[in-house]
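Structure first, commentary second.
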Amino acid sequence: MELETFIKNFEEAVEDVEVGSLSGDSVYRSLEHWDSLAVLTVIAMVDAEYDLRLKARELKQMQTLSELHALLESKQSI
Amino acid sequence: MPKCHFSDVEISGIVTCVPPLEKCIDDELELFGGNVKQLERLKKTIGLSKRRVVDAQTTAADLCEKAARHLMKEGGVDLQQIDAMICVTQTADYLQPCNAAVIHGRLGLSKNCAALDVNLGCSGYVYGHWLAHSLVASGGCERILLLAGDTISRLVNAKDRSVAPLFGDGGSATLIERSLGAPSAYFSLQTDGGGYDKLIVPAGGSRHPHSTQTAEVLEDESGNFRSPENLFMDGAEIFNFSITEEPKSVKELLEYAEVDAAAVDHFVFHQANRYILSNIAKRLKLDLAKVPMQTVELYGNQSSASIPTAICGELATALADRSSTRLLLSGFGVGLSWASALVEVGDLTVCELIDYTA
């Protein structure tokens, strides 16, 4: 799973985030529009694009997009 | 479970009754703390719009009774010919007796009529059909009245953004009869009780009876207000559950019935919200024209009444135009519980959506 593509998918999943504005170091939970709806759309994106089940709790535990990406990669290898 | 099928049973009429009072998310900006962007995002992404809700005096039993009377009258069925009545609801009039007994009395049904409640929500309409089909197919009943209705709007806290704008109310009545030669109806029923607390009214039952504490409204970490006597929903978990289990269940039922998805005329899912419906449809690669989705935007998530509302509201003309229509019905939610049915519906004597009047 490529980090760059993942970030782009993430940006598209969360409304009002400009594509290209985030990086691996971005703390996604500090985004202005990070709310329960964004949690839902990111879970749906991860399911649709990567066929992985992400839990709301896991989204709360991670900080940056790189961390989230690493979590998904670990899920993928199971 | 078990997947199973029954033959010689037909669905002969459906009526759904909705309350006349309409609420619209556009009028509720204060619920979102004046955050226009958030409200617009909810409208666009989740598809929240209008919903119909009851007043403080009207119950699911009232809506179901009205639907049942209309069904009997238009369908020309004698109330004395009903052998069993099944009431699917999570918002019964009383802790006891069950709604089925209460409505049995109000309709004046025969004493030789079995009457029972089924305590299920969004999967309940399909479970009710499974029971009714099974009772008729076993030879125990000729004619069954299936009522399914809820007034979830009365369980939500008006200041809880995570549920208040989602739920509407409705009551339905469906007639199921023996009919020799009627095509097979296929069912699959499933449960995951490990998720019982993902969609729950925690207090007011026997586990945590009503007290001054359970009536106390508290603010949660997201700034939503509710008491333990209000409905709580873990939205992300319910969403995950829906998009994982629903497509799987539908696929498995079609395989069991040996019917291709292309041969199904309409996929009538529980009307949770447009976002969940389109995600399920996408995963099953369904033609969106075959998936009714407008019901939830007009009436809200009506729990056990949402599938019959979608049939009466969106498919009445399509059903009347053909001698036989193949429907896949599928409900999912509180329990967690989910169920799917593949049925063939012929020319219904009545298929109507009516407004409630006291």
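Chain lettering (A, B, ...) mirrors the order of the structure tokens, residue numbering begins at 1 for each chain separately, and ligand numbering begins at 1 in order of display.
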
Report as an MDAnalysis selection string all protein, DNA and RNA residues lying within 12 Å of range 46-54 of chain A, evaluated on only C-alpha atoms, omitting residues in the same chain fewer than 5 positions from it. (chainID A and resid 1:2 5:10 12:13 39:41 59:62 68:69 71:78) or (chainID B and resid 236:237 239:245 278:284)

Residues within 9 Å of range 171-185 of chain B, only C-alpha atoms, excluding chain neighbours under 3 positions, as number ranges by chain: B: 4-18, 60-72, 129-130, 132-133, 136-137, 139, 141-151, 257, 302, 304-306, 308-309, 341-344, 353

At a cut-off of 9 Å, using only C-alpha atoms, what residues contact Gly24 in chain A? Leave out same-chain residues fewer than 6 positions from it and give the result as a list in words.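 Within the cut-off, the hits are Leu3, Glu4, Ile7, Thr64, Leu65, Ser66, Glu67 and His69 of chain A.
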
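With only C-alpha atoms as the basis for measurement, A:Glu15 is the residue among A:Glu58, A:Glu15, A:Glu32, A:Asp25 that approaches chain B most closely.
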
With distances taken over only C-alpha atoms, which of B:Asn119, B:Gln57, B:Ser323, B:Ser162 is nearest to chain A? B:Ser162

For Arg161 in chain B, list every protein, DNA or RNA residue within 8 Å, evaluated using only C-alpha atoms, and leave out those in the same chain fewer than 4 positions away; present the list as a list in words.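 Non-adjacent residues within range: Leu31, Phe32, Pro165 and Asn224 of chain B.
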
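Candidate residues B:Glu219, B:Glu28, B:Asp83, B:Glu40 were compared for distance to chain A, and the nearest is B:Glu40, using only C-alpha atoms.
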
Restricting the calculation to only C-alpha atoms, which member of B:His208, B:Arg274, B:Lys37, B:Arg51 is positioned closest to chain A? B:Lys37

Point-to-point distance in Å for CA of Ser340 in chain B and CA of Pro292 in chain B: 15.6 Å

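In this model, the gap between CA of Leu288 in chain B and CA of Glu246 in chain B comes to 16.1 Å.
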
For chain A, which residue out of B:Ile46, B:Arg322, B:Val296, B:Val250 is the nearest one, using only C-alpha atoms?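 Looking at the shortest contact to chain A, the residue is B:Ile46.
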
Run DSSP on the backbone and tell me which residues of chain A come out as alpha helix (DSSP H); list them as a ChimeraX atom specification. /A:3-13,36-50,56-61,65-76

Preceding selection exported with N, CA and C atoms as a short mmCIF file (atom, residue, chain, number, x, y, z; two decimals), in the first residue's frame:
```
data_model
loop_
_atom_site.label_atom_id
_atom_site.label_comp_id
_atom_site.auth_asym_id
_atom_site.auth_seq_id
_atom_site.Cartn_x
_atom_site.Cartn_y
_atom_site.Cartn_z
N LEU A 3 2.00 4.98 0.46
CA LEU A 3 1.63 6.07 1.36
C LEU A 3 1.01 7.23 0.58
N GLU A 4 1.64 7.55 -0.55
CA GLU A 4 1.15 8.70 -1.34
C GLU A 4 -0.29 8.52 -1.79
N THR A 5 -0.56 7.33 -2.32
CA THR A 5 -1.93 7.05 -2.79
C THR A 5 -2.90 7.06 -1.61
N PHE A 6 -2.44 6.51 -0.49
CA PHE A 6 -3.30 6.48 0.69
C PHE A 6 -3.66 7.90 1.13
N ILE A 7 -2.67 8.79 1.13
CA ILE A 7 -2.93 10.18 1.54
C ILE A 7 -3.93 10.83 0.58
N LYS A 8 -3.77 10.55 -0.70
CA LYS A 8 -4.69 11.13 -1.68
C LYS A 8 -6.12 10.61 -1.44
N ASN A 9 -6.23 9.31 -1.21
CA ASN A 9 -7.55 8.73 -0.92
C ASN A 9 -8.15 9.34 0.34
N PHE A 10 -7.28 9.56 1.33
CA PHE A 10 -7.73 10.15 2.59
C PHE A 10 -8.26 11.57 2.35
N GLU A 11 -7.50 12.33 1.57
CA GLU A 11 -7.91 13.71 1.29
C GLU A 11 -9.26 13.75 0.57
N GLU A 12 -9.46 12.79 -0.32
CA GLU A 12 -10.72 12.77 -1.06
C GLU A 12 -11.88 12.33 -0.17
N ALA A 13 -11.57 11.49 0.82
CA ALA A 13 -12.64 10.97 1.68
C ALA A 13 -13.14 12.02 2.67
N SER A 36 -17.27 13.09 13.54
CA SER A 36 -17.78 11.72 13.44
C SER A 36 -18.13 11.34 12.00
N LEU A 37 -18.51 12.34 11.22
CA LEU A 37 -18.83 12.07 9.82
C LEU A 37 -17.56 11.73 9.04
N ALA A 38 -16.47 12.45 9.35
CA ALA A 38 -15.20 12.16 8.69
C ALA A 38 -14.72 10.75 9.07
N VAL A 39 -14.94 10.37 10.31
CA VAL A 39 -14.57 9.01 10.76
C VAL A 39 -15.27 7.98 9.86
N LEU A 40 -16.54 8.22 9.62
CA LEU A 40 -17.35 7.32 8.80
C LEU A 40 -16.84 7.25 7.36
N THR A 41 -16.57 8.41 6.79
CA THR A 41 -16.16 8.41 5.37
C THR A 41 -14.77 7.81 5.20
N VAL A 42 -13.91 7.96 6.21
CA VAL A 42 -12.58 7.34 6.11
C VAL A 42 -12.70 5.81 6.25
N ILE A 43 -13.55 5.35 7.18
CA ILE A 43 -13.78 3.91 7.33
C ILE A 43 -14.30 3.32 6.01
N ALA A 44 -15.23 4.04 5.37
CA ALA A 44 -15.81 3.57 4.11
C ALA A 44 -14.76 3.53 3.01
N MET A 45 -13.89 4.55 2.98
CA MET A 45 -12.83 4.59 1.98
C MET A 45 -11.88 3.41 2.16
N VAL A 46 -11.49 3.16 3.41
CA VAL A 46 -10.54 2.07 3.68
C VAL A 46 -11.16 0.72 3.29
N ASP A 47 -12.46 0.59 3.54
CA ASP A 47 -13.15 -0.64 3.17
C ASP A 47 -13.20 -0.80 1.64
N ALA A 48 -13.58 0.29 0.96
CA ALA A 48 -13.76 0.22 -0.49
C ALA A 48 -12.43 0.08 -1.23
N GLU A 49 -11.42 0.85 -0.82
CA GLU A 49 -10.16 0.88 -1.55
C GLU A 49 -9.23 -0.28 -1.18
N TYR A 50 -9.25 -0.67 0.10
CA TYR A 50 -8.26 -1.65 0.55
C TYR A 50 -8.88 -2.94 1.10
N ALA A 56 -13.47 2.72 14.58
CA ALA A 56 -13.46 4.12 15.02
C ALA A 56 -12.43 4.29 16.15
N ARG A 57 -12.34 3.27 17.00
CA ARG A 57 -11.40 3.30 18.13
C ARG A 57 -9.97 3.42 17.63
N GLU A 58 -9.65 2.71 16.56
CA GLU A 58 -8.29 2.76 16.01
C GLU A 58 -7.98 4.13 15.44
N LEU A 59 -8.99 4.75 14.83
CA LEU A 59 -8.78 6.10 14.30
C LEU A 59 -8.50 7.09 15.43
N LYS A 60 -9.03 6.79 16.61
CA LYS A 60 -8.81 7.67 17.76
C LYS A 60 -7.43 7.46 18.36
N GLN A 61 -6.87 6.25 18.17
CA GLN A 61 -5.57 5.94 18.79
C GLN A 61 -4.39 6.48 17.99
N LEU A 65 -0.98 10.55 9.61
CA LEU A 65 -1.38 9.71 8.48
C LEU A 65 -0.39 8.57 8.27
N SER A 66 0.90 8.82 8.57
CA SER A 66 1.89 7.73 8.46
C SER A 66 1.57 6.61 9.43
N GLU A 67 1.20 6.98 10.65
CA GLU A 67 0.84 5.97 11.64
C GLU A 67 -0.37 5.16 11.19
N LEU A 68 -1.35 5.87 10.66
CA LEU A 68 -2.57 5.22 10.20
C LEU A 68 -2.24 4.27 9.03
N HIS A 69 -1.39 4.75 8.15
CA HIS A 69 -0.95 3.95 7.01
C HIS A 69 -0.25 2.67 7.47
N ALA A 70 0.60 2.83 8.50
CA ALA A 70 1.33 1.66 9.03
C ALA A 70 0.36 0.66 9.65
N LEU A 71 -0.65 1.18 10.35
CA LEU A 71 -1.65 0.30 10.96
C LEU A 71 -2.37 -0.52 9.87
N LEU A 72 -2.73 0.15 8.79
CA LEU A 72 -3.44 -0.54 7.71
C LEU A 72 -2.54 -1.58 7.05
N GLU A 73 -1.26 -1.23 6.90
CA GLU A 73 -0.34 -2.20 6.30
C GLU A 73 -0.20 -3.44 7.18
N SER A 74 -0.21 -3.21 8.50
CA SER A 74 -0.11 -4.37 9.40
C SER A 74 -1.36 -5.23 9.32
N LYS A 75 -2.51 -4.57 9.08
CA LYS A 75 -3.76 -5.33 8.92
C LYS A 75 -3.73 -6.13 7.63
N GLN A 76 -3.13 -5.52 6.61
CA GLN A 76 -3.09 -6.16 5.30
C GLN A 76 -2.25 -7.45 5.32
#
```

Output as a ChimeraX atom specification all residues of range 64-291 of chain B that backbone DSSP marks as strand (DSSP E or B). /B:84-88,114-118,143-151,167,169-178,185-191,199-200,218-219,225-226,232-233,266-269

In Å, with one decimal, what is the gap from CA of Gly75 in chain B to CA of Asp347 in chain B?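 Calculated distance between CA of Gly75 in chain B and CA of Asp347 in chain B is 11.8 Å.
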
Nearest candidate to Ala84 in chain B (options B:Val217, B:Val334, B:Cys113, B:Leu199; using only C-alpha atoms):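 Of all the options, B:Cys113 lies closest to Ala84 in chain B.
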